[in-house]
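Shown below: input09.txt, with compact mmCIF, C-alpha atoms.
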```
# COMPACT_ATOMS: atom_id res chain seq x y z
CA MET A 1 0.00 0.00 0.00
CA ASN A 2 1.50 3.32 -1.11
CA GLN A 3 2.30 6.04 1.41
CA THR A 4 1.08 9.58 0.72
CA LYS A 5 1.02 12.81 2.69
CA GLY A 6 -1.18 15.80 3.27
CA THR A 7 -1.93 18.63 5.70
CA LEU A 8 -4.21 18.25 8.73
CA LYS A 9 -7.03 20.64 7.83
CA CYS A 10 -9.10 20.33 10.99
CA TRP A 11 -9.07 18.35 14.22
CA ASN A 12 -11.74 17.68 16.86
CA GLU A 13 -9.70 16.84 19.96
CA GLU A 14 -12.64 15.87 22.13
CA ARG A 15 -13.80 13.21 19.65
CA GLY A 16 -10.34 12.32 18.35
CA PHE A 17 -10.75 12.74 14.61
CA GLY A 18 -10.14 15.21 11.78
CA PHE A 19 -9.58 15.57 8.04
CA ILE A 20 -6.48 15.70 5.86
CA VAL A 21 -6.26 17.68 2.64
CA SER A 22 -3.89 16.41 -0.07
CA ASN A 23 -3.05 17.62 -3.57
CA ILE A 24 -3.23 14.03 -4.77
CA GLU A 25 -6.71 13.27 -3.44
CA THR A 26 -9.86 14.97 -4.72
CA GLN A 27 -11.62 14.71 -1.34
CA ASP A 28 -10.50 15.35 2.22
CA ILE A 29 -9.41 12.15 3.97
CA PHE A 30 -10.86 11.20 7.35
CA ILE A 31 -8.33 10.35 10.09
CA HIS A 32 -8.97 8.92 13.56
CA ILE A 33 -6.51 9.20 16.46
CA SER A 34 -6.09 5.41 16.40
CA ALA A 35 -4.30 5.74 13.04
CA LEU A 36 -1.51 7.77 14.73
CA LYS A 37 0.04 5.07 16.88
CA ASN A 38 2.74 5.86 19.44
CA MET A 39 3.19 9.50 18.44
CA SER A 40 4.90 11.54 21.18
CA ARG A 41 2.24 14.26 20.93
CA ARG A 42 -1.30 14.77 19.70
CA PRO A 43 -1.88 16.12 16.17
CA VAL A 44 -2.20 19.87 15.59
CA VAL A 45 -3.87 21.64 12.69
CA GLY A 46 -1.24 22.37 10.05
CA ASP A 47 0.77 19.18 10.72
CA THR A 48 2.03 17.26 7.71
CA ILE A 49 0.61 13.74 7.99
CA HIS A 50 2.10 10.72 6.24
CA PHE A 51 -0.51 8.02 5.76
CA GLN A 52 -1.96 5.21 3.72
CA ILE A 53 -5.54 5.13 2.49
CA GLN A 54 -7.88 2.35 3.45
CA THR A 55 -11.34 1.80 1.96
CA ASP A 56 -13.85 -0.14 4.02
CA SER A 57 -16.74 -2.31 2.80
CA THR A 58 -19.06 0.72 2.61
CA GLY A 59 -16.68 2.64 0.39
CA LYS A 60 -15.57 5.03 3.12
CA ARG A 61 -11.95 6.14 2.68
CA GLN A 62 -9.80 6.94 5.69
CA ALA A 63 -6.18 7.30 6.71
CA THR A 64 -4.34 4.39 8.29
CA ASN A 65 -0.74 3.68 9.39
CA ALA A 66 -0.28 7.42 9.84
CA SER A 67 2.51 9.49 11.36
CA ILE A 68 3.21 13.17 11.96
CA GLU A 69 6.16 14.58 10.03
CA GLY A 70 8.97 15.60 12.38
CA VAL A 71 7.39 13.92 15.44
CA GLN A 72 9.09 10.85 16.86
CA ALA A 73 7.27 7.67 17.72
CA VAL A 74 7.72 6.64 21.34
CA ASN A 75 8.34 3.22 22.78
CA LYS A 76 5.35 1.86 24.73
CA LYS A 77 7.68 0.52 27.42
CA SER A 78 9.20 3.98 27.76
CA ILE A 79 5.75 5.54 28.22
CA LYS A 80 4.90 3.02 30.93
CA HIS A 81 8.19 3.71 32.71
CA ASN A 82 7.73 7.47 32.56
CA LYS A 83 4.28 7.28 34.12
CA LYS A 84 5.88 5.72 37.20
CA GLN A 85 8.34 8.63 37.54
CA LYS A 86 5.80 11.28 38.54
CA SER A 87 8.39 13.41 40.30
CA SER A 88 10.39 14.09 37.12
CA LEU A 89 9.67 16.81 34.57
CA ALA A 90 9.42 14.27 31.76
CA ALA A 91 6.69 12.45 33.68
CA LEU A 92 4.86 15.72 34.28
CA TRP A 93 4.70 16.30 30.53
CA SER A 94 3.78 12.74 29.58
CA ILE A 95 1.11 12.19 32.25
CA PHE A 96 -0.36 15.59 33.05
CA LEU A 97 0.39 17.70 29.96
CA ILE A 98 -1.60 17.22 26.75
CA ILE A 99 -1.63 20.58 25.01
CA THR A 100 -4.14 20.52 22.20
CA VAL A 101 -3.91 23.47 19.87
CA GLY A 102 -6.72 23.53 17.35
CA TYR A 103 -9.78 22.39 19.31
CA PHE A 104 -12.51 23.57 16.98
CA VAL A 105 -15.42 22.73 14.69
CA CYS A 106 -14.10 21.76 11.27
CA ASN A 107 -16.17 24.22 9.28
CA ASN A 108 -15.26 27.27 11.37
CA GLN A 109 -11.94 28.19 9.81
CA ASP A 110 -11.93 31.92 10.73
CA ASP A 111 -12.14 31.20 14.44
CA LEU A 112 -9.65 28.38 14.01
CA SER A 113 -6.85 30.55 12.66
CA LYS A 114 -7.11 33.05 15.52
CA PHE A 115 -7.28 30.32 18.14
CA GLU A 116 -4.38 28.41 16.63
CA LEU A 117 -1.99 31.35 16.39
CA ASN A 118 -2.68 32.55 19.93
CA ASN A 119 -2.24 29.11 21.45
CA ILE A 120 0.91 28.17 19.53
CA SER A 121 2.60 31.32 20.81
CA SER A 122 1.41 30.72 24.38
CA SER A 123 2.31 27.04 24.34
CA LEU A 124 5.95 27.66 23.43
CA GLY A 125 6.41 30.01 26.35
CA PHE A 126 4.46 27.70 28.64
CA LEU A 127 6.70 24.71 27.92
CA LYS A 128 9.78 26.80 28.60
CA ASP A 129 8.44 27.81 32.02
CA GLN A 130 7.88 24.18 33.04
CA ILE A 131 11.65 23.60 33.12
CA SER A 132 11.91 25.83 36.20
CA ASP A 133 8.52 25.01 37.78
CA SER A 134 7.28 21.43 37.52
CA SER A 135 4.86 21.43 40.48
CA THR A 136 1.19 20.85 39.80
CA ASP A 137 0.24 24.22 41.27
CA GLY A 138 2.91 25.85 39.11
CA LEU A 139 1.54 24.07 36.05
CA LEU A 140 -2.00 25.24 36.77
CA ASN A 141 -0.82 28.78 37.44
CA ASN A 142 0.96 28.85 34.07
CA LEU A 143 -2.13 27.51 32.33
CA TYR A 144 -4.21 30.23 33.93
CA GLU A 145 -1.76 33.06 33.16
CA ARG A 146 -1.41 31.98 29.53
CA ARG A 147 -5.13 31.24 29.08
CA LEU A 148 -4.47 27.70 27.90
CA SER A 149 -7.05 24.93 27.88
CA ARG A 150 -7.47 21.23 27.14
CA VAL A 151 -4.60 20.10 29.38
CA GLN A 152 -4.81 16.92 31.45
CA VAL A 153 -3.74 17.65 35.05
CA LYS A 154 -3.61 16.01 38.46
CA GLY A 155 -3.66 17.96 41.70
CA GLU A 156 -5.14 18.43 45.14
CA GLY A 157 -7.18 21.18 46.75
CA VAL A 158 -9.57 21.97 49.57
CA VAL A 159 -13.29 22.46 48.97
CA GLU A 160 -13.92 26.17 49.48
CA ARG A 161 -17.58 26.25 48.46
CA LEU A 162 -20.28 23.81 47.42
CA LEU A 163 -22.48 24.86 44.49
CA SER A 164 -25.82 23.57 43.30
CA ASP A 165 -25.80 20.77 40.73
CA ASP A 166 -25.99 21.79 37.08
CA ASN A 167 -28.93 19.82 35.67
CA ASP A 168 -28.98 21.47 32.23
CA GLY A 169 -28.14 18.62 29.83
CA SER A 170 -25.67 16.19 31.40
CA ARG A 171 -25.87 16.57 35.18
CA HIS A 172 -22.77 17.87 36.97
CA GLN A 173 -21.89 18.13 40.65
CA ARG A 174 -20.12 21.48 41.11
CA PHE A 175 -17.84 22.87 43.79
CA ILE A 176 -14.95 25.32 44.17
CA LEU A 177 -11.50 24.00 45.09
CA LYS A 178 -8.73 26.16 46.50
CA LEU A 179 -5.14 25.11 45.82
CA ALA A 180 -2.24 25.65 48.19
CA SER A 181 -1.09 28.43 45.84
CA GLY A 182 -4.37 30.29 46.40
CA GLN A 183 -5.69 29.62 42.89
CA THR A 184 -9.31 28.50 42.74
CA LEU A 185 -10.82 25.93 40.39
CA LEU A 186 -14.41 25.09 39.55
CA VAL A 187 -14.84 21.32 39.45
CA ALA A 188 -17.66 20.12 37.17
CA HIS A 189 -18.06 16.40 37.87
CA ASN A 190 -20.38 14.56 35.47
CA ILE A 191 -22.76 12.55 37.66
CA ASP A 192 -24.46 10.92 34.68
CA LEU A 193 -21.21 9.06 34.00
CA ALA A 194 -19.64 8.84 37.47
CA PRO A 195 -20.95 8.50 41.05
CA ARG A 196 -21.84 11.66 42.96
CA ILE A 197 -19.79 12.48 46.08
CA ASN A 198 -22.72 12.69 48.47
CA GLU A 199 -20.65 13.22 51.62
CA LEU A 200 -18.65 16.15 50.23
CA ARG A 201 -18.35 19.08 52.65
CA SER A 202 -16.60 22.46 52.71
CA GLY A 203 -13.06 22.01 54.01
CA ASP A 204 -12.70 18.49 52.60
CA SER A 205 -9.59 17.60 50.62
CA ILE A 206 -10.06 16.43 47.02
CA ILE A 207 -7.47 14.86 44.72
CA PHE A 208 -8.44 15.35 41.08
CA TYR A 209 -7.36 14.08 37.68
CA GLY A 210 -9.12 15.74 34.77
CA GLU A 211 -8.96 18.27 31.97
CA TYR A 212 -8.24 21.95 32.67
CA VAL A 213 -10.20 24.63 30.80
CA TRP A 214 -9.36 28.31 31.31
CA ASN A 215 -11.75 30.89 32.68
CA SER A 216 -11.20 34.27 34.33
CA LYS A 217 -11.81 32.94 37.85
CA GLY A 218 -9.00 30.39 37.87
CA GLY A 219 -10.22 27.65 35.55
CA VAL A 220 -12.48 24.62 35.36
CA ILE A 221 -11.67 20.95 35.89
CA HIS A 222 -13.93 18.54 34.02
CA TRP A 223 -13.67 15.04 32.48
CA THR A 224 -13.27 13.66 36.02
CA HIS A 225 -14.84 10.39 34.87
CA HIS A 226 -14.37 7.51 32.46
CA ASP A 227 -15.07 7.92 28.75
CA PRO A 228 -17.65 5.37 27.50
CA ASP A 229 -16.17 5.71 23.98
CA ASN A 230 -12.59 5.16 25.22
CA ILE A 231 -11.33 8.17 23.25
CA HIS A 232 -10.70 10.81 25.90
CA THR A 233 -8.29 10.26 28.80
CA ALA A 234 -10.27 8.92 31.76
CA GLY A 235 -10.29 11.08 34.88
CA TRP A 236 -11.40 10.73 38.50
CA LEU A 237 -11.90 12.42 41.87
CA GLU A 238 -10.65 11.02 45.17
CA HIS A 239 -12.38 11.87 48.44
CA ARG A 240 -11.45 10.28 51.78
CA GLY A 241 -9.56 7.51 50.02
CA LYS A 242 -12.38 6.59 47.63
CA LYS A 243 -12.19 7.20 43.89
CA TYR A 244 -15.19 8.43 41.91
CA GLN A 245 -14.87 7.72 38.19
```
Starting from the coordinates I provided, produce the structure as structure tokens.
Amino acid sequence: MNQTKGTLKCWNEERGFGFIVSNIETQDIFIHISALKNMSRRPVVGDTIHFQIQTDSTGKRQATNASIEGVQAVNKKSIKHNKKQKSSLAALWSIFLIITVGYFVCNNQDDLSKFELNNISSSLGFLKDQISDSSTDGLLNNLYERRLSRVQVKGEGVVERLLSDDNDGSRHQRFILKLASGQTLLVAHNIDLAPRINELRSGDSIIFYGEYVWNSKGGVIHWTHHDPDNIHTAGWLEHRGKKYQ
């Protein structure tokens, strides 16, 4: 099967798919994250993708055996080892840091270009800062200062305030956490997909693992639950030694 290449035109990070445009092909080619095996980072709009084309029984064409030009593949054993070394900077990046530039709807190209340029610039400076400050609170502070989003993080805070559940659409248990640094985070815990923490009280300590999204008040932590589609990184909350996921 011949290898070809094209440019990643759009990418939906939450659902893990996008489309490649190529001068050789007359139509954009669908690509799923599963086609990019063992890449050391997630794809970003504008990446050159090397791929093969596979046609299924329904005639749908999609990319397979894909790679990102200039991005190294990583050894699975190395990834597993790094996850055990949570105190090192490399582990901080591999476990807690998934910067996704280009989270957008594929047909909204005007908004995409502005979002992409702003986040690429911020991300370069952000990565540089992590060399001198690899603590979780430092990571979250940098995310807040640089207005970055879609980063997987783990941390711990104290419940400062309990909020009413959000029952509009998927139901979410909501509360405000305060970090040791003084930064506050809104936790939006999906209780349609994970158990509710019924015994949660102000002053309780919570360990969280989820996705950070920027807002002006310190940020939001969501995706603190499993993903039924097994596409997004699974998150969780821990309260009094019990995990809710």
> Can you list, as JSON, numbers by chain, every protein, DNA or RNA residue that comes within 6 Å of Phe19 in chain A when you count all atoms listed in the file, leaving out same-chain residues fewer than 4 positions away?
Replying inline: {"A": [9, 10, 28, 29, 30, 31]}
>> When you look at Leu237 in chain A with a cut-off of 8 Å (counting all atoms listed in the file), what residues show up, excluding the ones that are within fewer than 5 positions of it in the same chain? I need them as a list in words.
In response: Ile206, Ile207, Phe208, Tyr209, Thr224, His225, Lys243, Tyr244 and Gln245 of chain A
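Counting from CA of Gly155 in chain A, the distance to CA of Leu177 in chain A is 10.5 Å.
If you count all atoms listed in the file and ignore residues fewer than 2 places along the chain from Leu143 in chain A, what sits within 10 Å of it is Ser122, Ser123, Phe126, Asp137, Gly138, Leu139, Leu140, Asn141, Glu145, Arg146, Arg147, Leu148, Ser149, Arg150, Val151, Tyr212, Val213, Trp214, Gly218 and Gly219 of chain A.
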Within 9 Å of Arg171 in chain A, counting only C-alpha atoms, which residues show up once you throw out same-chain ones fewer than 6 positions away? Write them as a short mmCIF file (atom, residue, chain, number, x, y, z; two decimals) with C-alpha atoms, in the coordinates of the input, please.
```cif
data_model
loop_
_atom_site.label_atom_id
_atom_site.label_comp_id
_atom_site.auth_asym_id
_atom_site.auth_seq_id
_atom_site.Cartn_x
_atom_site.Cartn_y
_atom_site.Cartn_z
CA ASP A 165 -25.80 20.77 40.73
CA HIS A 189 -18.06 16.40 37.87
CA ASN A 190 -20.38 14.56 35.47
CA ILE A 191 -22.76 12.55 37.66
CA ASP A 192 -24.46 10.92 34.68
CA LEU A 193 -21.21 9.06 34.00
#
```
> Can you tell me, as a list of chain:residue names, what residues are no more than 6 Å from Leu186 in chain A when counting all atoms listed in the file, ignoring any on the same chain fewer than 4 positions away?
Replying inline: A:Phe175, A:Ile176, A:Val220
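Pairwise distance (CA of Thr136 in chain A, CA of Trp223 in chain A) equals 17.6 Å.
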> When distances are computed from all atoms listed in the file, which of A:Val159, A:Ile33, A:Ala66, A:Ile24 shows the smallest separation from Asp204 in chain A?
Replying inline: A:Val159
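Distances here use only C-alpha atoms; by that measure, the residue among A:Gly210, A:Gly169, A:Pro43, A:Gly6 closest to Ala234 in chain A is A:Gly210.
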> Can you tell me how far CA of Arg201 in chain A sits from CA of His226 in chain A, in Å to one decimal?
Replying inline: 23.6 Å
> With only C-alpha atoms as the basis for distance, which of A:Asp168, A:Asp56, A:Glu238, A:Glu160 is at the shortest distance from Ser202 in chain A?
Replying inline: A:Glu160
> From the list A:Ala188, A:Trp236, A:Asp229, A:Lys37, which residue is nearest Ser164 in chain A when using all atoms listed in the file?
Replying inline: A:Ala188
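Nearest to Glu211 in chain A of all the residues A:Gly241, A:Leu185, A:Arg196, A:Val71 is A:Leu185, counting all atoms listed in the file.
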